[in-house]
Amino acid sequence: METLRWGIAGPGRMAATMVEAFEHVRTGRIVAVGSRSADRAEAFAAEHDIPRAHGSYADLVADPEVDAIYVATPHPQHTDIALAAIAAGTPVLVEKAFTATVEDTRAVIEAARSAGIFAMEAMWTRFNPAVERIRELVARGEIGDVRAVHGDLTAFRAYDPSDRLFDPALGGGAVLDLGVYVLSFAQHLLGTPDVVHAVGGTFPSGVESDFSAVLGYADGRSATLSGSFTTYGPGRVMILGTAGWIDVHPRFHRAPSLTVWREKQAETLEFDSGYAFEVDHVADCLARGLNESPIMPLDDTLAVQQLMAQVLAQVRG
Ligand SMILES: NC(=O)c1ccc[n+]([C@@H]2O[C@H](COP(=O)([O-])OP(=O)(O)OC[C@H]3O[C@@H](n4cnc5c(N)ncnc54)[C@H](OP(=O)(O)O)[C@@H]3O)[C@@H](O)[C@H]2O)c1
């Protein structure tokens with residue numbers, strides 16, 4: 001397959017961002033968009049020069065000219081579209097958070113594995129070149145053994161119960177929207193923790209406004225992580241090792257630069273970032289016959305979904 005033909009499910013804000021990102025994608029193009037409404041699908045297709053528009057997600061999934069589907073609906077609405085695509089034999093790239101619940105994540109993973117169809121969470125941070133370099137630096141022992149990760153992702157949002165970010169039915173709240181990044185980052189570097197302690201607050205709609213979480217490991221390693229819709233903050237991560245540390249500069253989920261500290265010597269490295277890296281990675285996996293990404297494996301997606309569930313249970317009470 002020379003060029004992967006992508007269909008987008010959910011013509012919202014992120015879908016529009018992804019269309020722009022496709023200008024940098026080497027391996028594919030967008031050929032179709034699906035919506036619950038034919039009018040919205042057609043408007044999005046016309047605005048973004050997409051050849052085909054479908055007035056239902058079922059029609060998008062049934063389109064024989066679509067090789068892979070990118071799911072950009074709100075989190076709880078990822079599940080049915082991902083399951084339908086997998087049942088139709090079509091690979092899926094599913095926006096973060098992968099689903100709204102552990103049960104839904106398990107259902108998608110089981111369906112993908114039993115059908116032998118590729119599925120991946122669109123955790124784009126793991127594919128950005130800065131994080132690729134972090135993996136290399138850590139693997140080479142440049143900062144020794146990683147013992148701790150400290151980080152925040154904060155995005156002030158004025159409370160608006162009509163926005164999906166504040167609506168429990170649409171997977172709202174700071175944990176699924178922002179926490180997924182810090183939790184996935186720590187899980188990538190440290191593995192899945194033994195204990196999770198979390199505190200935070202909620203909006204009147206019941207979704208969390210802020211959270212702070214400590215991840216603990218039996219061998220003494222730890223992560224301290226936070227996220228918030230009520231404050232402004234840098235979105236910065238520090239990775240602490242036995243021989244040095246790495247500052248992942250704001251905003252870490254699309255890091256423009258790193259400073260690597262070894263024996264009081266600092267080296268700053270600069271990077272591109274964007275969504276094209278994860279999209280090209282999907283094409284690479286498919287070309288290699290892989291049903292899962294080695295960088296964002298489904299077991300990690302499940303582990304992070306379980307961490308989010310623990311944080312949610314402790315913050316929402
Ligand atoms: N990776 C990133 O940097 C990033 C950034 C922002 C968002 N995201 C993720 O992208 C996803 C979409 O976020 P967004 O901000 O683009 O949301 P959005 O602007 O609200 O758009 C979501 C789209 O989903 C469709 N949809 C399907 N079922 C729906 C339902 N029951 N209720 C509401 N909409 C429904 C809607 O299209 P129709 O009504 O036309 O079907 C809507 O256009 C989320 O999972 C979010 O976490 C990722």
# chains A, B, ... in the order shown; residues from 1 in each chain; ligands from 1
>>> residues_around(residues="Thr242 in chain A", least_positions_apart="4", cutoff="7 Å", atoms="only C-alpha atoms", output="list in words")
Ile143, Gly144, Asp145 and Val146 of chain A
>>> residues_around(residues="Pro297 in chain A", least_positions_apart="5", cutoff="9 Å", atoms="only C-alpha atoms", output="number ranges by chain")
A: 119-121, 292, 302
>>> write_last_selection(atoms="C-alpha atoms", output="tab-separated table (two decimals), in the first residue's frame")
chain	number	residue	atom	x	y	z
A	119	ALA	CA	-5.64	-0.36	16.97
A	120	MET	CA	-3.68	2.42	18.68
A	121	GLU	CA	-4.36	5.30	21.06
A	292	GLU	CA	-0.10	-3.05	17.75
A	302	LEU	CA	-5.14	-0.20	29.35
>>> residues_around(residues="Phe22 in chain A", least_positions_apart="5", cutoff="12 Å", atoms="only C-alpha atoms", output="ChimeraX atom specification")
/A:4-6,8,15-17,27-31,48,50,70,274-280
>>> write_last_selection(atoms="N, CA, C and O atoms", output="compact mmCIF listing (two decimals), in the first residue's frame")
# COMPACT_ATOMS: atom_id res chain seq x y z
N LEU A 4 -1.81 5.51 2.49
CA LEU A 4 -2.94 5.07 3.30
C LEU A 4 -4.08 6.08 3.15
O LEU A 4 -3.86 7.28 3.29
N ARG A 5 -5.28 5.56 2.88
CA ARG A 5 -6.44 6.44 2.69
C ARG A 5 -7.20 6.49 4.02
O ARG A 5 -7.76 5.49 4.44
N TRP A 6 -7.20 7.67 4.65
CA TRP A 6 -7.77 7.82 5.99
C TRP A 6 -9.18 8.38 5.94
O TRP A 6 -9.48 9.28 5.13
N ILE A 8 -11.92 10.26 8.66
CA ILE A 8 -12.01 10.90 9.98
C ILE A 8 -13.42 10.74 10.52
O ILE A 8 -14.39 11.07 9.83
N ALA A 15 -10.44 17.28 14.77
CA ALA A 15 -10.40 16.80 13.39
C ALA A 15 -9.84 17.88 12.47
O ALA A 15 -9.04 17.59 11.57
N ALA A 16 -10.25 19.14 12.71
CA ALA A 16 -9.74 20.24 11.88
C ALA A 16 -8.23 20.41 12.07
O ALA A 16 -7.48 20.65 11.11
N THR A 17 -7.78 20.26 13.32
CA THR A 17 -6.33 20.33 13.59
C THR A 17 -5.60 19.21 12.86
O THR A 17 -4.52 19.40 12.29
N THR A 27 2.79 9.46 4.57
CA THR A 27 2.34 8.13 4.19
C THR A 27 0.86 8.02 3.89
O THR A 27 0.38 6.93 3.62
N GLY A 28 0.13 9.13 4.00
CA GLY A 28 -1.32 8.98 3.82
C GLY A 28 -2.00 10.29 3.50
O GLY A 28 -1.38 11.37 3.53
N ARG A 29 -3.31 10.18 3.19
CA ARG A 29 -4.13 11.37 2.91
C ARG A 29 -5.53 11.10 3.42
O ARG A 29 -5.93 9.93 3.60
N ILE A 30 -6.27 12.17 3.64
CA ILE A 30 -7.65 12.03 4.13
C ILE A 30 -8.58 11.98 2.94
O ILE A 30 -8.56 12.88 2.09
N VAL A 31 -9.39 10.91 2.87
CA VAL A 31 -10.28 10.76 1.72
C VAL A 31 -11.75 10.85 2.11
O VAL A 31 -12.60 10.94 1.22
N HIS A 48 -12.47 21.52 4.02
CA HIS A 48 -11.11 20.96 4.07
C HIS A 48 -10.75 20.17 2.82
O HIS A 48 -9.75 19.44 2.83
N ILE A 50 -12.06 17.54 1.31
CA ILE A 50 -12.07 16.08 1.51
C ILE A 50 -13.07 15.48 0.52
O ILE A 50 -14.22 15.95 0.44
N TYR A 70 -9.49 7.40 11.74
CA TYR A 70 -9.03 8.21 12.87
C TYR A 70 -10.29 8.67 13.62
O TYR A 70 -11.15 9.33 13.04
N GLY A 274 4.46 17.48 16.46
CA GLY A 274 3.22 17.53 15.69
C GLY A 274 2.54 16.18 15.66
O GLY A 274 3.02 15.21 16.23
N TYR A 275 1.40 16.17 14.95
CA TYR A 275 0.59 14.95 14.90
C TYR A 275 1.01 14.02 13.76
O TYR A 275 0.60 12.86 13.72
N ALA A 276 1.81 14.52 12.82
CA ALA A 276 2.17 13.70 11.67
C ALA A 276 3.00 12.48 12.07
O ALA A 276 2.91 11.42 11.43
N PHE A 277 3.77 12.61 13.15
CA PHE A 277 4.65 11.50 13.55
C PHE A 277 3.83 10.26 13.93
O PHE A 277 4.18 9.15 13.57
N GLU A 278 2.73 10.47 14.67
CA GLU A 278 1.92 9.30 15.08
C GLU A 278 1.22 8.70 13.86
O GLU A 278 1.06 7.48 13.77
N VAL A 279 0.79 9.56 12.93
CA VAL A 279 0.08 9.06 11.74
C VAL A 279 1.04 8.24 10.88
O VAL A 279 0.69 7.14 10.41
N ASP A 280 2.23 8.74 10.67
CA ASP A 280 3.22 7.98 9.90
C ASP A 280 3.61 6.67 10.61
O ASP A 280 3.88 5.67 9.97
>>> residues_around(residues="Leu269 in chain A", least_positions_apart="6", cutoff="10 Å", atoms="only C-alpha atoms", output="list of chain:residue names")
A:Ala130, A:Arg133, A:Pro256, A:Ser257, A:Leu258, A:Thr259, A:Val260
>>> residues_near_ligand(ligand="ligand 1", cutoff="8 Å", atoms="only C-alpha atoms and all ligand atoms", output="NGL selection string")
:A and (9-16 or 34-37 or 40-41 or 56-57 or 71-78 or 94-99 or 122-124 or 163-164 or 170 or 176-177 or 275)
>>> atom_distance(atom1="CA of His249 in chain A", atom2="CA of Trp261 in chain A")
13.1 Å
>>> select_by_dssp(residues="range 74-312 of chain A", states="alpha helix (DSSP H)", output="PyMOL selection string")
chain A and resi 78-87+102-115+129-139+174+180-190+276-287+298-312
>>> select_by_dssp(residues="range 82-245 of chain A", states="strand (DSSP E or B)", output="PDB file with N, CA, C and O atoms, in the first residue's frame")
ATOM      1  N   VAL A  92      -7.644   1.234  13.279  1.00  0.00           N
ATOM      2  CA  VAL A  92      -8.119   2.472  13.907  1.00  0.00           C
ATOM      3  C   VAL A  92      -7.026   3.152  14.725  1.00  0.00           C
ATOM      4  O   VAL A  92      -6.259   2.503  15.439  1.00  0.00           O
ATOM      5  N   LEU A  93      -7.028   4.478  14.609  1.00  0.00           N
ATOM      6  CA  LEU A  93      -6.221   5.353  15.467  1.00  0.00           C
ATOM      7  C   LEU A  93      -7.246   6.138  16.276  1.00  0.00           C
ATOM      8  O   LEU A  93      -8.049   6.888  15.703  1.00  0.00           O
ATOM      9  N   VAL A  94      -7.237   5.933  17.603  1.00  0.00           N
ATOM     10  CA  VAL A  94      -8.312   6.449  18.460  1.00  0.00           C
ATOM     11  C   VAL A  94      -7.755   7.552  19.352  1.00  0.00           C
ATOM     12  O   VAL A  94      -6.801   7.316  20.109  1.00  0.00           O
ATOM     13  N   GLU A  95      -8.372   8.742  19.285  1.00  0.00           N
ATOM     14  CA  GLU A  95      -7.872   9.869  20.085  1.00  0.00           C
ATOM     15  C   GLU A  95      -7.760   9.516  21.576  1.00  0.00           C
ATOM     16  O   GLU A  95      -8.442   8.623  22.071  1.00  0.00           O
ATOM     17  N   ALA A 119      -4.979  -1.441  16.222  1.00  0.00           N
ATOM     18  CA  ALA A 119      -5.636  -0.356  16.967  1.00  0.00           C
ATOM     19  C   ALA A 119      -4.575   0.336  17.806  1.00  0.00           C
ATOM     20  O   ALA A 119      -3.692  -0.325  18.368  1.00  0.00           O
ATOM     21  N   MET A 120      -4.659   1.667  17.885  1.00  0.00           N
ATOM     22  CA  MET A 120      -3.680   2.422  18.680  1.00  0.00           C
ATOM     23  C   MET A 120      -4.326   3.686  19.234  1.00  0.00           C
ATOM     24  O   MET A 120      -5.114   4.336  18.553  1.00  0.00           O
ATOM     25  N   GLU A 121      -3.970   4.019  20.463  1.00  0.00           N
ATOM     26  CA  GLU A 121      -4.364   5.302  21.059  1.00  0.00           C
ATOM     27  C   GLU A 121      -3.507   6.405  20.441  1.00  0.00           C
ATOM     28  O   GLU A 121      -2.289   6.257  20.329  1.00  0.00           O
ATOM     29  N   ALA A 122      -4.155   7.498  20.081  1.00  0.00           N
ATOM     30  CA  ALA A 122      -3.440   8.618  19.451  1.00  0.00           C
ATOM     31  C   ALA A 122      -2.736   9.471  20.514  1.00  0.00           C
ATOM     32  O   ALA A 122      -2.990  10.674  20.640  1.00  0.00           O
ATOM     33  N   VAL A 146      16.286   5.900  35.919  1.00  0.00           N
ATOM     34  CA  VAL A 146      15.220   6.881  36.160  1.00  0.00           C
ATOM     35  C   VAL A 146      14.511   6.519  37.454  1.00  0.00           C
ATOM     36  O   VAL A 146      14.019   5.406  37.625  1.00  0.00           O
ATOM     37  N   ARG A 147      14.498   7.483  38.387  1.00  0.00           N
ATOM     38  CA  ARG A 147      13.891   7.232  39.711  1.00  0.00           C
ATOM     39  C   ARG A 147      12.607   8.013  39.933  1.00  0.00           C
ATOM     40  O   ARG A 147      11.815   7.664  40.800  1.00  0.00           O
ATOM     41  N   ALA A 148      12.420   9.106  39.184  1.00  0.00           N
ATOM     42  CA  ALA A 148      11.218   9.918  39.430  1.00  0.00           C
ATOM     43  C   ALA A 148      10.861  10.749  38.207  1.00  0.00           C
ATOM     44  O   ALA A 148      11.738  11.125  37.412  1.00  0.00           O
ATOM     45  N   VAL A 149       9.576  11.012  38.088  1.00  0.00           N
ATOM     46  CA  VAL A 149       9.050  11.910  37.053  1.00  0.00           C
ATOM     47  C   VAL A 149       8.134  12.914  37.758  1.00  0.00           C
ATOM     48  O   VAL A 149       7.275  12.512  38.554  1.00  0.00           O
ATOM     49  N   HIS A 150       8.362  14.210  37.516  1.00  0.00           N
ATOM     50  CA  HIS A 150       7.483  15.250  38.070  1.00  0.00           C
ATOM     51  C   HIS A 150       6.918  16.046  36.889  1.00  0.00           C
ATOM     52  O   HIS A 150       7.689  16.456  36.015  1.00  0.00           O
ATOM     53  N   GLY A 151       5.627  16.275  36.879  1.00  0.00           N
ATOM     54  CA  GLY A 151       5.093  17.031  35.748  1.00  0.00           C
ATOM     55  C   GLY A 151       3.696  17.547  35.955  1.00  0.00           C
ATOM     56  O   GLY A 151       2.948  17.068  36.811  1.00  0.00           O
ATOM     57  N   ASP A 152       3.358  18.556  35.156  1.00  0.00           N
ATOM     58  CA  ASP A 152       1.985  19.094  35.170  1.00  0.00           C
ATOM     59  C   ASP A 152       1.534  19.310  33.734  1.00  0.00           C
ATOM     60  O   ASP A 152       2.359  19.501  32.841  1.00  0.00           O
ATOM     61  N   LEU A 153       0.227  19.274  33.550  1.00  0.00           N
ATOM     62  CA  LEU A 153      -0.356  19.805  32.322  1.00  0.00           C
ATOM     63  C   LEU A 153      -1.600  20.576  32.726  1.00  0.00           C
ATOM     64  O   LEU A 153      -2.547  20.012  33.277  1.00  0.00           O
ATOM     65  N   THR A 154      -1.539  21.864  32.519  1.00  0.00           N
ATOM     66  CA  THR A 154      -2.556  22.779  33.020  1.00  0.00           C
ATOM     67  C   THR A 154      -3.086  23.602  31.856  1.00  0.00           C
ATOM     68  O   THR A 154      -2.307  24.070  31.037  1.00  0.00           O
ATOM     69  N   VAL A 195       1.081   1.741  43.613  1.00  0.00           N
ATOM     70  CA  VAL A 195       0.027   2.476  44.333  1.00  0.00           C
ATOM     71  C   VAL A 195      -0.215   3.834  43.665  1.00  0.00           C
ATOM     72  O   VAL A 195       0.692   4.393  43.038  1.00  0.00           O
ATOM     73  N   VAL A 196      -1.435   4.322  43.829  1.00  0.00           N
ATOM     74  CA  VAL A 196      -1.820   5.637  43.302  1.00  0.00           C
ATOM     75  C   VAL A 196      -2.555   6.377  44.411  1.00  0.00           C
ATOM     76  O   VAL A 196      -3.513   5.842  44.981  1.00  0.00           O
ATOM     77  N   HIS A 197      -2.095   7.581  44.725  1.00  0.00           N
ATOM     78  CA  HIS A 197      -2.815   8.437  45.676  1.00  0.00           C
ATOM     79  C   HIS A 197      -3.162   9.733  44.938  1.00  0.00           C
ATOM     80  O   HIS A 197      -2.282  10.345  44.334  1.00  0.00           O
ATOM     81  N   ALA A 198      -4.430  10.137  45.006  1.00  0.00           N
ATOM     82  CA  ALA A 198      -4.838  11.333  44.263  1.00  0.00           C
ATOM     83  C   ALA A 198      -5.761  12.203  45.094  1.00  0.00           C
ATOM     84  O   ALA A 198      -6.527  11.705  45.932  1.00  0.00           O
ATOM     85  N   VAL A 199      -5.668  13.504  44.862  1.00  0.00           N
ATOM     86  CA  VAL A 199      -6.598  14.477  45.455  1.00  0.00           C
ATOM     87  C   VAL A 199      -7.006  15.433  44.339  1.00  0.00           C
ATOM     88  O   VAL A 199      -6.379  15.465  43.277  1.00  0.00           O
ATOM     89  N   GLY A 200      -8.055  16.243  44.598  1.00  0.00           N
ATOM     90  CA  GLY A 200      -8.469  17.209  43.590  1.00  0.00           C
ATOM     91  C   GLY A 200      -9.804  17.815  43.926  1.00  0.00           C
ATOM     92  O   GLY A 200     -10.349  17.597  45.013  1.00  0.00           O
ATOM     93  N   GLY A 201     -10.333  18.569  42.959  1.00  0.00           N
ATOM     94  CA  GLY A 201     -11.626  19.210  43.154  1.00  0.00           C
ATOM     95  C   GLY A 201     -12.527  18.949  41.961  1.00  0.00           C
ATOM     96  O   GLY A 201     -12.078  18.426  40.936  1.00  0.00           O
ATOM     97  N   THR A 202     -13.817  19.319  42.096  1.00  0.00           N
ATOM     98  CA  THR A 202     -14.775  19.096  41.009  1.00  0.00           C
ATOM     99  C   THR A 202     -15.545  20.380  40.692  1.00  0.00           C
ATOM    100  O   THR A 202     -15.679  21.263  41.538  1.00  0.00           O
ATOM    101  N   GLU A 208     -13.956  16.597  37.354  1.00  0.00           N
ATOM    102  CA  GLU A 208     -12.890  17.209  38.154  1.00  0.00           C
ATOM    103  C   GLU A 208     -12.306  18.440  37.465  1.00  0.00           C
ATOM    104  O   GLU A 208     -12.092  18.483  36.265  1.00  0.00           O
ATOM    105  N   SER A 209     -12.080  19.447  38.325  1.00  0.00           N
ATOM    106  CA  SER A 209     -11.495  20.714  37.884  1.00  0.00           C
ATOM    107  C   SER A 209      -9.970  20.659  37.963  1.00  0.00           C
ATOM    108  O   SER A 209      -9.275  21.289  37.156  1.00  0.00           O
ATOM    109  N   ASP A 210      -9.465  19.925  38.954  1.00  0.00           N
ATOM    110  CA  ASP A 210      -8.016  19.856  39.216  1.00  0.00           C
ATOM    111  C   ASP A 210      -7.724  18.500  39.844  1.00  0.00           C
ATOM    112  O   ASP A 210      -8.577  17.939  40.516  1.00  0.00           O
ATOM    113  N   PHE A 211      -6.501  18.047  39.659  1.00  0.00           N
ATOM    114  CA  PHE A 211      -6.082  16.843  40.387  1.00  0.00           C
ATOM    115  C   PHE A 211      -4.572  16.893  40.580  1.00  0.00           C
ATOM    116  O   PHE A 211      -3.848  17.525  39.805  1.00  0.00           O
ATOM    117  N   SER A 212      -4.130  16.231  41.647  1.00  0.00           N
ATOM    118  CA  SER A 212      -2.709  15.927  41.820  1.00  0.00           C
ATOM    119  C   SER A 212      -2.628  14.461  42.204  1.00  0.00           C
ATOM    120  O   SER A 212      -3.455  13.977  42.989  1.00  0.00           O
ATOM    121  N   ALA A 213      -1.654  13.749  41.647  1.00  0.00           N
ATOM    122  CA  ALA A 213      -1.542  12.312  41.904  1.00  0.00           C
ATOM    123  C   ALA A 213      -0.087  11.949  42.170  1.00  0.00           C
ATOM    124  O   ALA A 213       0.832  12.524  41.567  1.00  0.00           O
ATOM    125  N   VAL A 214       0.092  11.036  43.095  1.00  0.00           N
ATOM    126  CA  VAL A 214       1.411  10.444  43.343  1.00  0.00           C
ATOM    127  C   VAL A 214       1.337   8.983  42.929  1.00  0.00           C
ATOM    128  O   VAL A 214       0.433   8.252  43.366  1.00  0.00           O
ATOM    129  N   LEU A 215       2.245   8.565  42.057  1.00  0.00           N
ATOM    130  CA  LEU A 215       2.369   7.155  41.695  1.00  0.00           C
ATOM    131  C   LEU A 215       3.555   6.595  42.473  1.00  0.00           C
ATOM    132  O   LEU A 215       4.622   7.212  42.495  1.00  0.00           O
ATOM    133  N   GLY A 216       3.355   5.451  43.110  1.00  0.00           N
ATOM    134  CA  GLY A 216       4.443   4.864  43.898  1.00  0.00           C
ATOM    135  C   GLY A 216       4.786   3.468  43.397  1.00  0.00           C
ATOM    136  O   GLY A 216       3.906   2.703  42.980  1.00  0.00           O
ATOM    137  N   SER A 222       9.003   7.008  42.007  1.00  0.00           N
ATOM    138  CA  SER A 222       7.720   7.699  42.153  1.00  0.00           C
ATOM    139  C   SER A 222       7.510   8.685  41.015  1.00  0.00           C
ATOM    140  O   SER A 222       8.447   9.059  40.299  1.00  0.00           O
ATOM    141  N   ALA A 223       6.263   9.100  40.899  1.00  0.00           N
ATOM    142  CA  ALA A 223       5.920  10.202  39.986  1.00  0.00           C
ATOM    143  C   ALA A 223       4.955  11.123  40.720  1.00  0.00           C
ATOM    144  O   ALA A 223       4.060  10.646  41.431  1.00  0.00           O
ATOM    145  N   THR A 224       5.151  12.435  40.582  1.00  0.00           N
ATOM    146  CA  THR A 224       4.189  13.399  41.112  1.00  0.00           C
ATOM    147  C   THR A 224       3.658  14.188  39.927  1.00  0.00           C
ATOM    148  O   THR A 224       4.429  14.788  39.168  1.00  0.00           O
ATOM    149  N   LEU A 225       2.350  14.155  39.764  1.00  0.00           N
ATOM    150  CA  LEU A 225       1.732  14.642  38.527  1.00  0.00           C
ATOM    151  C   LEU A 225       0.515  15.484  38.864  1.00  0.00           C
ATOM    152  O   LEU A 225      -0.196  15.190  39.831  1.00  0.00           O
ATOM    153  N   SER A 226       0.239  16.498  38.035  1.00  0.00           N
ATOM    154  CA  SER A 226      -0.971  17.279  38.273  1.00  0.00           C
ATOM    155  C   SER A 226      -1.528  17.812  36.970  1.00  0.00           C
ATOM    156  O   SER A 226      -0.837  17.852  35.934  1.00  0.00           O
ATOM    157  N   GLY A 227      -2.805  18.215  37.042  1.00  0.00           N
ATOM    158  CA  GLY A 227      -3.469  18.814  35.889  1.00  0.00           C
ATOM    159  C   GLY A 227      -4.608  19.665  36.386  1.00  0.00           C
ATOM    160  O   GLY A 227      -5.158  19.413  37.463  1.00  0.00           O
ATOM    161  N   SER A 228      -4.977  20.684  35.607  1.00  0.00           N
ATOM    162  CA  SER A 228      -5.993  21.613  36.098  1.00  0.00           C
ATOM    163  C   SER A 228      -6.632  22.385  34.955  1.00  0.00           C
ATOM    164  O   SER A 228      -5.961  22.761  33.996  1.00  0.00           O
ATOM    165  N   VAL A 237       7.840  18.911  32.487  1.00  0.00           N
ATOM    166  CA  VAL A 237       8.170  17.629  33.121  1.00  0.00           C
ATOM    167  C   VAL A 237       9.661  17.618  33.454  1.00  0.00           C
ATOM    168  O   VAL A 237      10.483  18.151  32.695  1.00  0.00           O
ATOM    169  N   MET A 238       9.983  17.006  34.594  1.00  0.00           N
ATOM    170  CA  MET A 238      11.384  16.700  34.920  1.00  0.00           C
ATOM    171  C   MET A 238      11.509  15.189  35.087  1.00  0.00           C
ATOM    172  O   MET A 238      10.663  14.571  35.740  1.00  0.00           O
ATOM    173  N   ILE A 239      12.563  14.634  34.503  1.00  0.00           N
ATOM    174  CA  ILE A 239      12.834  13.197  34.634  1.00  0.00           C
ATOM    175  C   ILE A 239      14.138  13.082  35.430  1.00  0.00           C
ATOM    176  O   ILE A 239      15.189  13.561  34.973  1.00  0.00           O
ATOM    177  N   LEU A 240      14.058  12.510  36.617  1.00  0.00           N
ATOM    178  CA  LEU A 240      15.219  12.482  37.516  1.00  0.00           C
ATOM    179  C   LEU A 240      15.876  11.115  37.498  1.00  0.00           C
ATOM    180  O   LEU A 240      15.204  10.080  37.686  1.00  0.00           O
ATOM    181  N   GLY A 241      17.192  11.101  37.280  1.00  0.00           N
ATOM    182  CA  GLY A 241      17.933   9.848  37.233  1.00  0.00           C
ATOM    183  C   GLY A 241      19.104   9.838  38.189  1.00  0.00           C
ATOM    184  O   GLY A 241      19.454  10.871  38.769  1.00  0.00           O
ATOM    185  N   GLY A 244      21.837  12.076  36.468  1.00  0.00           N
ATOM    186  CA  GLY A 244      21.506  13.363  35.865  1.00  0.00           C
ATOM    187  C   GLY A 244      20.004  13.501  35.738  1.00  0.00           C
ATOM    188  O   GLY A 244      19.254  12.690  36.287  1.00  0.00           O
ATOM    189  N   TRP A 245      19.546  14.555  35.049  1.00  0.00           N
ATOM    190  CA  TRP A 245      18.104  14.705  34.844  1.00  0.00           C
ATOM    191  C   TRP A 245      17.828  15.379  33.515  1.00  0.00           C
ATOM    192  O   TRP A 245      18.731  15.943  32.889  1.00  0.00           O
TER     193      TRP A 245
END
>>> residues_around(residues="Asp39 in chain A", least_positions_apart="5", cutoff="12 Å", atoms="only C-alpha atoms", output="number ranges by chain")
A: 11, 33-34, 44-46, 53-56
>>> residues_around(residues="Gln187 in chain A", least_positions_apart="6", cutoff="9 Å", atoms="only C-alpha atoms", output="number ranges by chain")
A: 193, 300, 303-304
>>> atom_distance(atom1="CA of Arg106 in chain A", atom2="CA of Gly191 in chain A")
18.9 Å
